[in-house]
Amino acid sequence: MEKQVYKVANVPHYSLIIVNGKSDSSTGGDIVTLRLMAHIPALFAKSRKNVLIIGLGTGVSAGEMALYPDVEAIDVAEISSSVIKALPLQTRS
């Protein structure tokens, strides 16, 4: 059964993704956590040339990894096609 994904829209500079009734990611209250989940492992990695991120969510972790000049490739693994389809619906800051 495909996951149900809902996005909160029309809220300036804020995106929230809810999967099967559970908040999985937001660019509001969770933004610091999402950024740290990218930066902490990146700072301890021996190399950041190729990056793999498990779970797309709101795309914040992938965006944060793109800030590193030594990152050449970022692969994101997401099993829910609904999460992928919902990504373009988020508000842009």
# chains A, B, ... in the order shown; residues from 1 in each chain; ligands from 1
call {"tool": "select_by_dssp", "arguments": {"residues": "chain A", "states": "helix (DSSP H, G or I)", "output": "PyMOL selection string"}}
result
chain A and resi 31-44+60-65+81-89
call {"tool": "write_last_selection", "arguments": {"atoms": "C-alpha atoms", "output": "tab-separated table (two decimals), in the first residue's frame"}}
result
chain	number	residue	atom	x	y	z
A	31	ILE	CA	15.04	23.06	10.14
A	32	VAL	CA	17.98	23.10	12.56
A	33	THR	CA	17.75	19.34	13.07
A	34	LEU	CA	17.54	18.72	9.33
A	35	ARG	CA	20.62	20.84	8.68
A	36	LEU	CA	22.59	19.18	11.48
A	37	MET	CA	21.68	15.74	10.11
A	38	ALA	CA	23.58	16.73	6.97
A	39	HIS	CA	26.44	18.75	8.44
A	40	ILE	CA	27.51	16.58	11.40
A	41	PRO	CA	28.27	13.46	9.32
A	42	ALA	CA	29.75	15.64	6.58
A	43	LEU	CA	32.19	17.23	9.01
A	44	PHE	CA	33.38	13.82	10.24
A	60	VAL	CA	16.79	20.06	3.14
A	61	SER	CA	19.60	17.57	3.86
A	62	ALA	CA	20.40	17.23	0.16
A	63	GLY	CA	20.39	21.00	-0.20
A	64	GLU	CA	22.76	21.43	2.73
A	65	MET	CA	25.19	18.88	1.26
A	81	SER	CA	6.84	7.74	-4.89
A	82	SER	CA	4.36	10.01	-3.08
A	83	VAL	CA	7.17	11.78	-1.23
A	84	ILE	CA	8.96	12.37	-4.52
A	85	LYS	CA	5.77	13.67	-6.15
A	86	ALA	CA	5.13	16.04	-3.21
A	87	LEU	CA	8.56	17.72	-3.31
A	88	PRO	CA	7.71	20.27	-6.05
A	89	LEU	CA	4.68	21.38	-4.02
call {"tool": "closest_atom_pairs", "arguments": {"of": "region 36-68 of chain A", "to": "region 21-30 of chain A", "cutoff": "10 Å", "atoms": "only C-alpha atoms", "output": "JSON lines"}}
result
{"residue": "A:Gly55", "atom": "CA", "partner": "A:Asp24", "partner_atom": "CA", "distance": 10.0}
{"residue": "A:Leu56", "atom": "CA", "partner": "A:Ser25", "partner_atom": "CA", "distance": 9.4}
{"residue": "A:Gly57", "atom": "CA", "partner": "A:Ser25", "partner_atom": "CA", "distance": 5.9}
{"residue": "A:Thr58", "atom": "CA", "partner": "A:Ser25", "partner_atom": "CA", "distance": 6.3}
{"residue": "A:Gly59", "atom": "CA", "partner": "A:Ser25", "partner_atom": "CA", "distance": 9.2}
{"residue": "A:Val60", "atom": "CA", "partner": "A:Thr27", "partner_atom": "CA", "distance": 7.6}
call {"tool": "residues_around", "arguments": {"residues": "Val71 (chain A)", "least_positions_apart": "5", "cutoff": "9 Å", "atoms": "only C-alpha atoms", "output": "list in words"}}
result
Ser47, Arg48, Lys49, Asn50, Val51, Met65 and Ala66 of chain A
call {"tool": "atom_distance", "arguments": {"atom1": "CA of Tyr14 (chain A)", "atom2": "CA of Tyr68 (chain A)"}}
result
23.7 Å
call {"tool": "atom_distance", "arguments": {"atom1": "CA of Ile54 (chain A)", "atom2": "CA of Glu78 (chain A)"}}
result
6.5 Å
call {"tool": "select_by_dssp", "arguments": {"residues": "region 29-72 of chain A", "states": "strand (DSSP E)", "output": "ChimeraX atom specification"}}
result
/A:50-54
call {"tool": "residues_around", "arguments": {"residues": "Leu52 (chain A)", "least_positions_apart": "4", "cutoff": "8 Å", "atoms": "only C-alpha atoms", "output": "ChimeraX atom specification"}}
result
/A:74-77
